[in-house]
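*Asks:* Would you mind keeping the following structure in view while I ask a few things?
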Amino acid sequence: MPQEKIVGQPMLRKEGVAKVCGRAQYIDDLTLPEMLYGATVRSSIARGRILGIEFGEGIPWDEFVIVTATDIPGDNEIALINHDWPCLAAEFVNHPEEPIVLLAHRDRHLLPKAVAAARVSYEEWPAVFTIEESERGEPVVWGEDNVFKSFLMEKGDVDAMWAGADLIVEGDYATGAQEHLYIENNGAIAAFSPEEGLTVWGSLQCPFYVHKSLVKLTGLAEEKVRIVQVETGGAFGGKEDYPSMIGAHAALLAMKSGKPVKIAYDRAEDMAATTKRHPSRVRHRTAVTRDGKLLGAEIEIALDGGAYSTLSATVLSRATIHAGGPYFWPSIRVRSKAFATNCPPHGAFRGFGAPQSLFAIERHMDHVAEALGLAPDELRRRNFLKTGQTTTTGQEIKENIDLDALMGRALKESGYHAKRGRFARQNAGSGMKKKGIGLASFLHGSGFTGSGERYLNSLAAMDVTTEGKPRVLVSSTEFGQGTNTILCQIAAETLGIDYEAVEMGPPDTSVVPNTGPTVASRTSMVVGKLVHSAAVGLKQTLLTSGLLQEGYTTGEFVAAARTYVAQHGALRAESRYQAPPGVHWDDQRYRGEAYAAYAWAVYVAEVTVDLATCGVEVDDFVAVQEVGRVLNPVLAGGQIEGGVAQGIGYALYEKVVLQNGHMANNQMTNYIMPTAEDVPPIHVFFEEIPFGYGAFGAKGIGELPHDGPAPAILNAIRDATGVGFRAITLLPEDLFVELAVREPVAEAAL
């Protein structure tokens, strides 16, 4: 008999056994006959004109395949949004590490010598490296004003609102870049023949993104380009955009050489050349009453997009929409801009803009609370969004949310109030170690923003193999987060058969339909719902055919499916995305239903600050969230724990050091991430309120846990030291300077 309940259970990971036993094949495990190895000659300057390329002595250049921009058969661009990102620099360079020349050779050990011997001469031009320099436009390095994208989002009468304020609180906040530091570096293999076309295998998130880009780059017909995701060792958004670049480079070398070509970056190249999280600056001006009611706010957001726009417009969009946090604002105005600099392009990273703006609002809420003489939790309670109220975009909250309950659970599980009092008494002493506790409350939209899901028009399918095994056919990829497991759980429970009987189709654009990218916390909620619908169609076909009767076993289902395929040649069901009712978005006014659903959370961090070393240790962490139905508690808990650990790194350890646009600390010896020794006990709790239009009630989960740790930790440091720090990453040396200056924590005016 099939398992009675599959969804909601900690089922064994579909790909887990292969990984544990060492059978999983990653890109650098794969070798094709006559395969060459590729490498990239990159810019050594931030901005300028290419004057010439010389191939130095001591290298057998006649044995090398050499590709420059003149060898590109189609458009010299990586197709994302604005199409401004060149595959290879042709005449100008706009950031350090920009690719200029590609090399391939059968001996991979000869490639570093060849790269060093290929010398590019330049006419160097002035460059900009910070948001402030780009704002001034001295010089203009992109478009007419260095602005990739801007948004203006308004609700209520902001200009009139200020007159009714008892208090106006202002604050500026900043976040730095962050490296994804996935376990497996970027890599791709390409093979080409005029008859069969181009195939690219890669460590990637979004096969159809790469497909779109390579169709434009190569000029080949869509059916002549095939993208296959191989086993992928982590991504976090870093393999959403960049695989189109490395896949394009491998493809160009394969097309010119007529042989398969592999490009696999080492860690130093991967860290220096690929995209990072957008650095940000956020300015808040908030009007409140004496009893702690928010009247309105004006928020200005600036992101550093790097040299090309890549995904900056959508990252800025999410930062803008999340800027007001989980609070009710009668009036609010958010102005936001993404600026060009001559740093390598910044791109997708878990949270996608929300961690930047939520860091600012949650630090600012503590400043407002202090200015009012209120406890941080009390100010938040008085202003939490409630069902029937509207968000910053004017979207009415129709979900049955209860942020008070989430807050209460987080405070109880962490012992917040007792510890806050005890720490205050202890800190009054003369000891050098100070304890603090801080919280953050936040929200995260599930799925693509606004009309994004309608635009994607995602399609999922299920079919059965000749052996009668049902297969899930989606382009949603597995890179450690549990996609294969969750989607098979959904399919198995819908079909009423054993979980082990369901297979995943290969993530191959020639086999699976385009279900959209594996990003934006959309897989379980959006794609899972499509898989559920396709499974219903598959089941109904078999029941209608008379080959299957209600009350069937797994064996009877497989036998019926096998018979159907033998009789009809194929059994397949598809499901196309349909937006939930009442979801309408105005792209021009930036108003309406930004997301079909939100996930909600309250996090509490406990820290120790050593005033002698200026080191900060996170001692304990409580994470309470409502993400709809939890489909697999082990995977869900792992997502939260991993996101919290990554957020701890964002707050305290992972500082990208840029020198003239080049990442100076592009090694794991000097780019420090938290280890197991640095991660505290993380207590994960879920409150389940099923969402009616998600698969079995699921909402998004993957990005949410990265939003809350940094502000909770900085709020705890404020509690411990009495000093409000406004920028991350907060290293001991930064802490030392700030503690010495002891700047005021808020600027308040009556």
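Identifiers in the structure tokens: chain A, B, ... in order shown; residue index from 1 per chain; ligand index from 1 in order shown.
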As a ChimeraX atom specification, list the residues of region 67-245 of chain A assigned to helix (DSSP H, G or I) by DSSP on the backbone atoms of this structure.
*Replies:* /A:69-71,108-117,131-136,158-164,207-218,222-224,243-245
*Asks:* Need to verify the contact set: region 209-225 of chain A, 7 Å, only C-alpha atoms, exclusion of same-chain residues closer than 6 positions in sequence. Can you return it as a PyMOL selection string?
*Replies:* chain A and resi 72-79+196-199+243-244+248
*Asks:* Write out, as a Markdown table, each residue of region 313-338 of chain A that has an atom at most 12 Å from region 274-291 of chain A, together with the closest pair of atoms and their distance in Å to one decimal, counting only C-alpha atoms, rows going by chain and rising number.
*Replies:*
```
| residue | atom | partner | partner_atom | distance |
| --- | --- | --- | --- | --- |
| A:Ala313 | CA | A:His278 | CA | 11.3 |
| A:Thr314 | CA | A:His278 | CA | 11.7 |
| A:Val315 | CA | A:His278 | CA | 8.3 |
| A:Leu316 | CA | A:His278 | CA | 9.2 |
| A:Ala319 | CA | A:Ser280 | CA | 9.8 |
| A:Thr320 | CA | A:Val282 | CA | 10.3 |
| A:Ala323 | CA | A:Val282 | CA | 9.1 |
| A:Gly324 | CA | A:His284 | CA | 10.0 |
| A:Trp329 | CA | A:Ala287 | CA | 10.1 |
| A:Pro330 | CA | A:Ala287 | CA | 10.7 |
| A:Ser331 | CA | A:Ala287 | CA | 9.6 |
| A:Ile332 | CA | A:Thr286 | CA | 9.1 |
| A:Arg333 | CA | A:Arg285 | CA | 10.0 |
| A:Val334 | CA | A:His284 | CA | 9.5 |
| A:Arg335 | CA | A:Arg283 | CA | 9.9 |
| A:Ser336 | CA | A:Val282 | CA | 8.9 |
| A:Lys337 | CA | A:Ser280 | CA | 10.1 |
| A:Ala338 | CA | A:Ser280 | CA | 9.1 |
```
*Asks:* Set the distance at 10 Å and use only C-alpha atoms: which residues neighbour Asp402 (chain A) once local chain neighbours fewer than 2 positions away are removed? I'd like the list as a ChimeraX atom specification.
*Replies:* /A:384-387,399-400,404-407,600,626,687,689
*Asks:* As a PDB file with C-alpha atoms, in the first residue's frame, please: all residues of region 90-207 of chain A that backbone DSSP puts in strand (DSSP E).
*Replies:*
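That gives us part-v4.pdb:
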```pdb
ATOM      1  CA  PHE A  92      36.487  48.931 -24.084  1.00  0.00           C
ATOM      2  CA  VAL A  93      36.749  47.425 -20.596  1.00  0.00           C
ATOM      3  CA  PRO A  99      36.974  38.785 -20.045  1.00  0.00           C
ATOM      4  CA  ILE A 100      38.845  39.786 -23.212  1.00  0.00           C
ATOM      5  CA  VAL A 101      40.434  36.641 -24.713  1.00  0.00           C
ATOM      6  CA  LEU A 102      39.604  32.948 -24.393  1.00  0.00           C
ATOM      7  CA  LEU A 103      42.218  30.222 -24.703  1.00  0.00           C
ATOM      8  CA  ALA A 104      41.903  26.443 -24.980  1.00  0.00           C
ATOM      9  CA  HIS A 105      44.489  23.665 -24.955  1.00  0.00           C
ATOM     10  CA  ALA A 118      48.833  37.154 -23.240  1.00  0.00           C
ATOM     11  CA  ARG A 119      49.355  40.869 -22.604  1.00  0.00           C
ATOM     12  CA  VAL A 120      46.687  43.497 -23.188  1.00  0.00           C
ATOM     13  CA  SER A 121      47.646  47.169 -23.545  1.00  0.00           C
ATOM     14  CA  TYR A 122      45.175  49.916 -22.619  1.00  0.00           C
ATOM     15  CA  GLU A 123      44.435  53.587 -22.660  1.00  0.00           C
ATOM     16  CA  GLU A 124      43.302  53.892 -19.053  1.00  0.00           C
ATOM     17  CA  VAL A 147      21.644  55.001 -13.124  1.00  0.00           C
ATOM     18  CA  PHE A 148      20.697  51.492 -14.217  1.00  0.00           C
ATOM     19  CA  LYS A 149      17.180  51.680 -12.786  1.00  0.00           C
ATOM     20  CA  SER A 150      15.094  53.815 -10.456  1.00  0.00           C
ATOM     21  CA  PHE A 151      11.754  53.376  -8.707  1.00  0.00           C
ATOM     22  CA  LEU A 152       9.359  55.713  -6.938  1.00  0.00           C
ATOM     23  CA  MET A 153       6.789  54.019  -4.698  1.00  0.00           C
ATOM     24  CA  GLU A 154       4.246  56.142  -2.802  1.00  0.00           C
ATOM     25  CA  LYS A 155       1.297  55.507  -0.537  1.00  0.00           C
ATOM     26  CA  LEU A 167       8.899  62.951  16.622  1.00  0.00           C
ATOM     27  CA  ILE A 168      10.943  62.565  13.439  1.00  0.00           C
ATOM     28  CA  VAL A 169      13.806  60.052  13.526  1.00  0.00           C
ATOM     29  CA  GLU A 170      16.479  59.823  10.867  1.00  0.00           C
ATOM     30  CA  GLY A 171      19.210  57.293  10.172  1.00  0.00           C
ATOM     31  CA  ASP A 172      21.598  56.118   7.456  1.00  0.00           C
ATOM     32  CA  TYR A 173      22.531  52.446   7.009  1.00  0.00           C
ATOM     33  CA  ALA A 174      24.912  50.553   4.752  1.00  0.00           C
ATOM     34  CA  THR A 175      25.625  46.979   3.730  1.00  0.00           C
ATOM     35  CA  GLY A 187      32.185  25.347 -14.422  1.00  0.00           C
ATOM     36  CA  ALA A 188      30.842  24.350 -17.830  1.00  0.00           C
ATOM     37  CA  ILE A 189      31.543  21.954 -20.711  1.00  0.00           C
ATOM     38  CA  ALA A 190      30.460  22.703 -24.279  1.00  0.00           C
ATOM     39  CA  ALA A 191      30.358  20.476 -27.361  1.00  0.00           C
ATOM     40  CA  PHE A 192      29.369  21.505 -30.887  1.00  0.00           C
ATOM     41  CA  SER A 193      28.780  19.989 -34.279  1.00  0.00           C
ATOM     42  CA  GLY A 197      24.153  21.789 -32.655  1.00  0.00           C
ATOM     43  CA  LEU A 198      25.486  23.071 -29.321  1.00  0.00           C
ATOM     44  CA  THR A 199      25.214  21.331 -25.961  1.00  0.00           C
ATOM     45  CA  VAL A 200      26.397  22.939 -22.729  1.00  0.00           C
ATOM     46  CA  TRP A 201      26.592  21.054 -19.450  1.00  0.00           C
ATOM     47  CA  GLY A 202      26.987  23.259 -16.412  1.00  0.00           C
TER      48      GLY A 202
END
```
*Asks:* Can you pull out every residue within 9 Å of Asn94 (chain A), counting only C-alpha atoms, but drop anything in the same chain fewer than 4 positions away, and send it as a ChimeraX atom specification?
*Replies:* /A:43,45-48,89,98,127,141,307-308,341-344
*Asks:* Of the candidates A:Gly176, A:Thr390, A:Pro705, A:Ala534, which one gets nearest to Leu730 (chain A) if we count only C-alpha atoms?
*Replies:*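 Residue with the minimum atom-to-atom distance to Leu730 (chain A): A:Gly176.
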*Asks:* Go through A:Ala461, A:Val602, A:Ile397, A:Ile27 one by one, measure the shortest atom-to-atom distance of each to Gly247 (chain A) using only C-alpha atoms, and give the residue with the smallest value.
*Replies:* A:Ile27
*Asks:* Grab the CA of Asn186 (chain A) to CA of Lys19 (chain A) distance for me, in Å with one decimal place.
*Replies:*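 That distance, rounded to one decimal, is 18.6 Å.
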*Asks:* Mind giving me the straight-line distance from CA of Glu467 (chain A) to CA of Arg562 (chain A) in Å, one decimal?
*Replies:* 5.6 Å
*Asks:* Using only C-alpha atoms, find each residue in region 604-697 of chain A having at least one atom no more than 9 Å away from region 486-505 of chain A; report its shortest atom-to-atom pair and that distance in Å (one decimal), rows by chain then rising number, as CSV.
*Replies:*
```
residue,atom,partner,partner_atom,distance
A:Leu631,CA,A:Ile486,CA,6.9
A:Asn632,CA,A:Ile486,CA,7.0
A:Leu635,CA,A:Ile486,CA,8.7
A:Ala695,CA,A:Ile490,CA,7.4
A:Phe696,CA,A:Ile490,CA,7.8
```
*Asks:* Suppose we keep N, CA and C atoms; can you now write the selection as a PDB file, in the first residue's frame?
*Replies:*
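The file below, again_26.pdb, is the result:
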```
ATOM      1  N   LEU A 631       6.470  21.388   3.938  1.00  0.00           N
ATOM      2  CA  LEU A 631       6.346  20.170   3.144  1.00  0.00           C
ATOM      3  C   LEU A 631       7.309  19.077   3.579  1.00  0.00           C
ATOM      4  N   ASN A 632       8.475  19.468   4.084  1.00  0.00           N
ATOM      5  CA  ASN A 632       9.458  18.507   4.563  1.00  0.00           C
ATOM      6  C   ASN A 632      10.190  19.166   5.721  1.00  0.00           C
ATOM      7  N   LEU A 635      14.170  19.354   5.585  1.00  0.00           N
ATOM      8  CA  LEU A 635      14.671  20.281   4.567  1.00  0.00           C
ATOM      9  C   LEU A 635      14.345  21.723   4.940  1.00  0.00           C
ATOM     10  N   ALA A 695       1.339  24.784  -3.317  1.00  0.00           N
ATOM     11  CA  ALA A 695       1.265  23.327  -3.300  1.00  0.00           C
ATOM     12  C   ALA A 695       1.052  22.820  -1.874  1.00  0.00           C
ATOM     13  N   PHE A 696      -0.091  22.187  -1.631  1.00  0.00           N
ATOM     14  CA  PHE A 696      -0.454  21.684  -0.305  1.00  0.00           C
ATOM     15  C   PHE A 696      -0.344  22.772   0.762  1.00  0.00           C
TER      16      PHE A 696
END
```
*Asks:* Would you list the contacts of region 735-739 of chain A as a list of chain:residue names, taking every protein, DNA or RNA residue within 12 Å and counting only C-alpha atoms, but skipping same-chain residues closer than 4 positions in sequence?
*Replies:*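 With the cut-off at 12 Å, the set is A:Val609, A:Asp610, A:Leu611, A:Ala612, A:Thr613, A:Cys614, A:Gly615, A:Val616, A:Ala651, A:Leu652, A:Leu714, A:Ile717, A:Arg718, A:Ala720, A:Thr721, A:Gly722, A:Val723, A:Gly724, A:Phe725, A:Arg726, A:Ala727, A:Ile728, A:Thr729, A:Leu730, A:Leu731, A:Glu743, A:Pro744, A:Val745.
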*Asks:* Print the selection's residues with N, CA and C atoms to a file, as a PDB file, in the first residue's frame.
*Replies:*
```pdb
ATOM      1  N   VAL A 609      29.997  40.573  23.320  1.00  0.00           N
ATOM      2  CA  VAL A 609      30.978  41.475  22.735  1.00  0.00           C
ATOM      3  C   VAL A 609      32.166  41.572  23.688  1.00  0.00           C
ATOM      4  N   ASP A 610      33.343  41.237  23.186  1.00  0.00           N
ATOM      5  CA  ASP A 610      34.570  41.329  23.977  1.00  0.00           C
ATOM      6  C   ASP A 610      35.198  42.699  23.732  1.00  0.00           C
ATOM      7  N   LEU A 611      35.156  43.578  24.716  1.00  0.00           N
ATOM      8  CA  LEU A 611      35.666  44.930  24.534  1.00  0.00           C
ATOM      9  C   LEU A 611      37.187  44.965  24.437  1.00  0.00           C
ATOM     10  N   ALA A 612      37.856  43.895  24.844  1.00  0.00           N
ATOM     11  CA  ALA A 612      39.311  43.844  24.735  1.00  0.00           C
ATOM     12  C   ALA A 612      39.749  43.526  23.310  1.00  0.00           C
ATOM     13  N   THR A 613      39.064  42.591  22.670  1.00  0.00           N
ATOM     14  CA  THR A 613      39.434  42.182  21.315  1.00  0.00           C
ATOM     15  C   THR A 613      38.523  42.780  20.252  1.00  0.00           C
ATOM     16  N   CYS A 614      37.404  43.360  20.682  1.00  0.00           N
ATOM     17  CA  CYS A 614      36.347  43.861  19.791  1.00  0.00           C
ATOM     18  C   CYS A 614      35.756  42.742  18.939  1.00  0.00           C
ATOM     19  N   GLY A 615      35.867  41.519  19.412  1.00  0.00           N
ATOM     20  CA  GLY A 615      35.232  40.404  18.731  1.00  0.00           C
ATOM     21  C   GLY A 615      33.805  40.214  19.206  1.00  0.00           C
ATOM     22  N   VAL A 616      32.958  39.723  18.309  1.00  0.00           N
ATOM     23  CA  VAL A 616      31.560  39.445  18.628  1.00  0.00           C
ATOM     24  C   VAL A 616      31.297  37.967  18.411  1.00  0.00           C
ATOM     25  N   ALA A 651      26.767  39.601   8.544  1.00  0.00           N
ATOM     26  CA  ALA A 651      26.824  40.609   9.600  1.00  0.00           C
ATOM     27  C   ALA A 651      28.228  40.810  10.150  1.00  0.00           C
ATOM     28  N   LEU A 652      28.982  39.723  10.347  1.00  0.00           N
ATOM     29  CA  LEU A 652      30.175  39.795  11.192  1.00  0.00           C
ATOM     30  C   LEU A 652      31.482  39.335  10.554  1.00  0.00           C
ATOM     31  N   LEU A 714      23.014  42.983  14.999  1.00  0.00           N
ATOM     32  CA  LEU A 714      23.437  44.369  15.245  1.00  0.00           C
ATOM     33  C   LEU A 714      22.593  45.009  16.346  1.00  0.00           C
ATOM     34  N   ILE A 717      24.090  43.764  19.500  1.00  0.00           N
ATOM     35  CA  ILE A 717      25.348  44.455  19.805  1.00  0.00           C
ATOM     36  C   ILE A 717      25.052  45.831  20.400  1.00  0.00           C
ATOM     37  N   ARG A 718      24.030  46.493  19.895  1.00  0.00           N
ATOM     38  CA  ARG A 718      23.605  47.776  20.479  1.00  0.00           C
ATOM     39  C   ARG A 718      23.172  47.581  21.933  1.00  0.00           C
ATOM     40  N   ALA A 720      24.235  45.341  23.927  1.00  0.00           N
ATOM     41  CA  ALA A 720      25.398  45.004  24.740  1.00  0.00           C
ATOM     42  C   ALA A 720      26.311  46.190  24.994  1.00  0.00           C
ATOM     43  N   THR A 721      26.481  47.055  23.991  1.00  0.00           N
ATOM     44  CA  THR A 721      27.510  48.100  24.064  1.00  0.00           C
ATOM     45  C   THR A 721      26.966  49.502  24.272  1.00  0.00           C
ATOM     46  N   GLY A 722      25.680  49.699  23.976  1.00  0.00           N
ATOM     47  CA  GLY A 722      25.128  51.043  24.040  1.00  0.00           C
ATOM     48  C   GLY A 722      25.429  51.869  22.815  1.00  0.00           C
ATOM     49  N   VAL A 723      26.058  51.279  21.819  1.00  0.00           N
ATOM     50  CA  VAL A 723      26.410  52.000  20.587  1.00  0.00           C
ATOM     51  C   VAL A 723      25.656  51.370  19.421  1.00  0.00           C
ATOM     52  N   GLY A 724      25.014  52.201  18.620  1.00  0.00           N
ATOM     53  CA  GLY A 724      24.249  51.716  17.475  1.00  0.00           C
ATOM     54  C   GLY A 724      25.100  51.693  16.223  1.00  0.00           C
ATOM     55  N   PHE A 725      25.440  50.512  15.766  1.00  0.00           N
ATOM     56  CA  PHE A 725      26.241  50.372  14.545  1.00  0.00           C
ATOM     57  C   PHE A 725      25.305  50.317  13.342  1.00  0.00           C
ATOM     58  N   ARG A 726      25.688  51.010  12.283  1.00  0.00           N
ATOM     59  CA  ARG A 726      24.769  51.193  11.160  1.00  0.00           C
ATOM     60  C   ARG A 726      25.241  50.552   9.874  1.00  0.00           C
ATOM     61  N   ALA A 727      26.357  49.853   9.899  1.00  0.00           N
ATOM     62  CA  ALA A 727      26.886  49.284   8.662  1.00  0.00           C
ATOM     63  C   ALA A 727      27.393  47.877   8.917  1.00  0.00           C
ATOM     64  N   ILE A 728      27.223  47.034   7.919  1.00  0.00           N
ATOM     65  CA  ILE A 728      27.812  45.697   7.922  1.00  0.00           C
ATOM     66  C   ILE A 728      28.560  45.541   6.597  1.00  0.00           C
ATOM     67  N   THR A 729      29.557  44.708   6.594  1.00  0.00           N
ATOM     68  CA  THR A 729      29.964  43.719   7.578  1.00  0.00           C
ATOM     69  C   THR A 729      30.743  44.410   8.693  1.00  0.00           C
ATOM     70  N   LEU A 730      30.451  44.052   9.971  1.00  0.00           N
ATOM     71  CA  LEU A 730      31.042  44.690  11.140  1.00  0.00           C
ATOM     72  C   LEU A 730      32.184  43.816  11.660  1.00  0.00           C
ATOM     73  N   LEU A 731      33.400  44.111  11.213  1.00  0.00           N
ATOM     74  CA  LEU A 731      34.581  43.382  11.660  1.00  0.00           C
ATOM     75  C   LEU A 731      35.086  43.953  12.985  1.00  0.00           C
ATOM     76  N   GLU A 743      29.503  57.189  18.561  1.00  0.00           N
ATOM     77  CA  GLU A 743      28.539  58.101  17.952  1.00  0.00           C
ATOM     78  C   GLU A 743      27.157  57.865  18.551  1.00  0.00           C
ATOM     79  N   PRO A 744      26.301  58.891  18.558  1.00  0.00           N
ATOM     80  CA  PRO A 744      24.932  58.704  19.046  1.00  0.00           C
ATOM     81  C   PRO A 744      24.190  57.708  18.180  1.00  0.00           C
ATOM     82  N   VAL A 745      23.253  57.002  18.786  1.00  0.00           N
ATOM     83  CA  VAL A 745      22.559  55.936  18.072  1.00  0.00           C
ATOM     84  C   VAL A 745      21.401  56.422  17.235  1.00  0.00           C
TER      85      VAL A 745
END
```
*Asks:* Tell me which of A:Val519, A:Phe339, A:Ala235, A:Leu303 sits closest to Val140 (chain A), counting only C-alpha atoms.
*Replies:*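 Of all the options, A:Phe339 lies closest to Val140 (chain A).
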*Asks:* Give me, as a tab-separated table, the closest atom pair and its distance (Å, one decimal) for every residue of region 373-430 of chain A within a cut-off of 12 Å of region 571-584 of chain A, counting only C-alpha atoms, rows sorted by chain and rising number.
*Replies:*
```
residue	atom	partner	partner_atom	distance
A:Thr393	CA	A:His584	CA	11.3
A:Gly394	CA	A:His584	CA	11.1
A:Gln395	CA	A:Val583	CA	9.1
A:Glu396	CA	A:Gly582	CA	10.0
A:Ile397	CA	A:Gly582	CA	11.4
A:Lys398	CA	A:Gly582	CA	10.1
```
*Asks:* Taking C-alpha atoms for each residue, export the selection above as a PDB file, in the first residue's frame.
*Replies:*
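Result written to out_26.pdb:
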```pdb
ATOM      1  CA  THR A 393       2.421  48.923  -2.329  1.00  0.00           C
ATOM      2  CA  GLY A 394      -1.232  49.236  -1.294  1.00  0.00           C
ATOM      3  CA  GLN A 395      -1.780  45.475  -1.301  1.00  0.00           C
ATOM      4  CA  GLU A 396      -4.485  44.386   1.107  1.00  0.00           C
ATOM      5  CA  ILE A 397      -3.326  41.574   3.370  1.00  0.00           C
ATOM      6  CA  LYS A 398      -5.884  38.832   2.899  1.00  0.00           C
TER       7      LYS A 398
END
```
*Asks:* Which neighbours of region 438-446 of chain A fall inside 8 Å, counting only C-alpha atoms, when residues of the same chain fewer than 4 positions from it are skipped, and could you give them as a tab-separated table (two decimals) with C-alpha atoms, in the first residue's frame?
*Replies:*
```tsv
chain	number	residue	atom	x	y	z
A	322	HIS	CA	10.47	45.23	1.25
A	325	GLY	CA	9.19	45.82	6.61
A	326	PRO	CA	6.18	44.02	8.15
A	354	ALA	CA	15.49	42.35	0.68
A	358	LEU	CA	15.32	44.92	5.79
A	362	GLU	CA	15.08	46.75	11.46
A	376	PRO	CA	12.05	47.36	20.71
A	377	ASP	CA	9.43	44.61	20.77
A	380	ARG	CA	6.98	46.63	16.64
A	407	MET	CA	6.72	37.72	18.23
A	520	ALA	CA	12.72	33.94	-5.77
A	521	SER	CA	11.45	31.38	-3.24
A	522	ARG	CA	9.07	30.13	-5.93
A	525	MET	CA	4.79	27.36	-3.92
A	594	ALA	CA	3.41	42.66	-5.25
A	595	TYR	CA	3.25	38.98	-4.27
A	596	ALA	CA	0.56	36.35	-4.10
A	597	ALA	CA	1.81	35.53	-0.59
A	598	TYR	CA	4.37	36.57	1.99
A	599	ALA	CA	6.34	34.59	4.52
A	600	TRP	CA	6.71	36.21	7.96
A	601	ALA	CA	9.31	35.85	10.71
A	602	VAL	CA	10.72	37.09	14.01
A	603	TYR	CA	14.35	36.29	14.86
A	604	VAL	CA	16.20	36.80	18.15
A	605	ALA	CA	20.00	36.84	18.49
A	606	GLU	CA	22.05	36.66	21.68
A	699	LYS	CA	4.75	29.43	0.57
A	700	GLY	CA	8.35	30.47	-0.10
A	701	ILE	CA	11.12	29.66	2.37
A	703	GLU	CA	15.37	33.45	0.91
A	704	LEU	CA	13.55	34.37	4.12
A	707	ASP	CA	16.81	38.63	5.87
A	708	GLY	CA	16.72	38.63	9.66
A	709	PRO	CA	20.04	37.57	11.20
A	711	PRO	CA	19.75	43.26	11.97
A	712	ALA	CA	18.98	41.01	14.95
A	713	ILE	CA	22.72	40.65	15.63
A	714	LEU	CA	23.44	44.37	15.25
A	715	ASN	CA	20.50	45.16	17.52
A	716	ALA	CA	21.95	42.75	20.07
A	717	ILE	CA	25.35	44.46	19.80
A	719	ASP	CA	22.01	46.23	23.55
```
*Asks:* Quick one: distance from CA of Gln567 (chain A) to CA of Val464 (chain A) in Å, one decimal?
*Replies:*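 Result for CA of Gln567 (chain A) versus CA of Val464 (chain A): 13.1 Å, one decimal.
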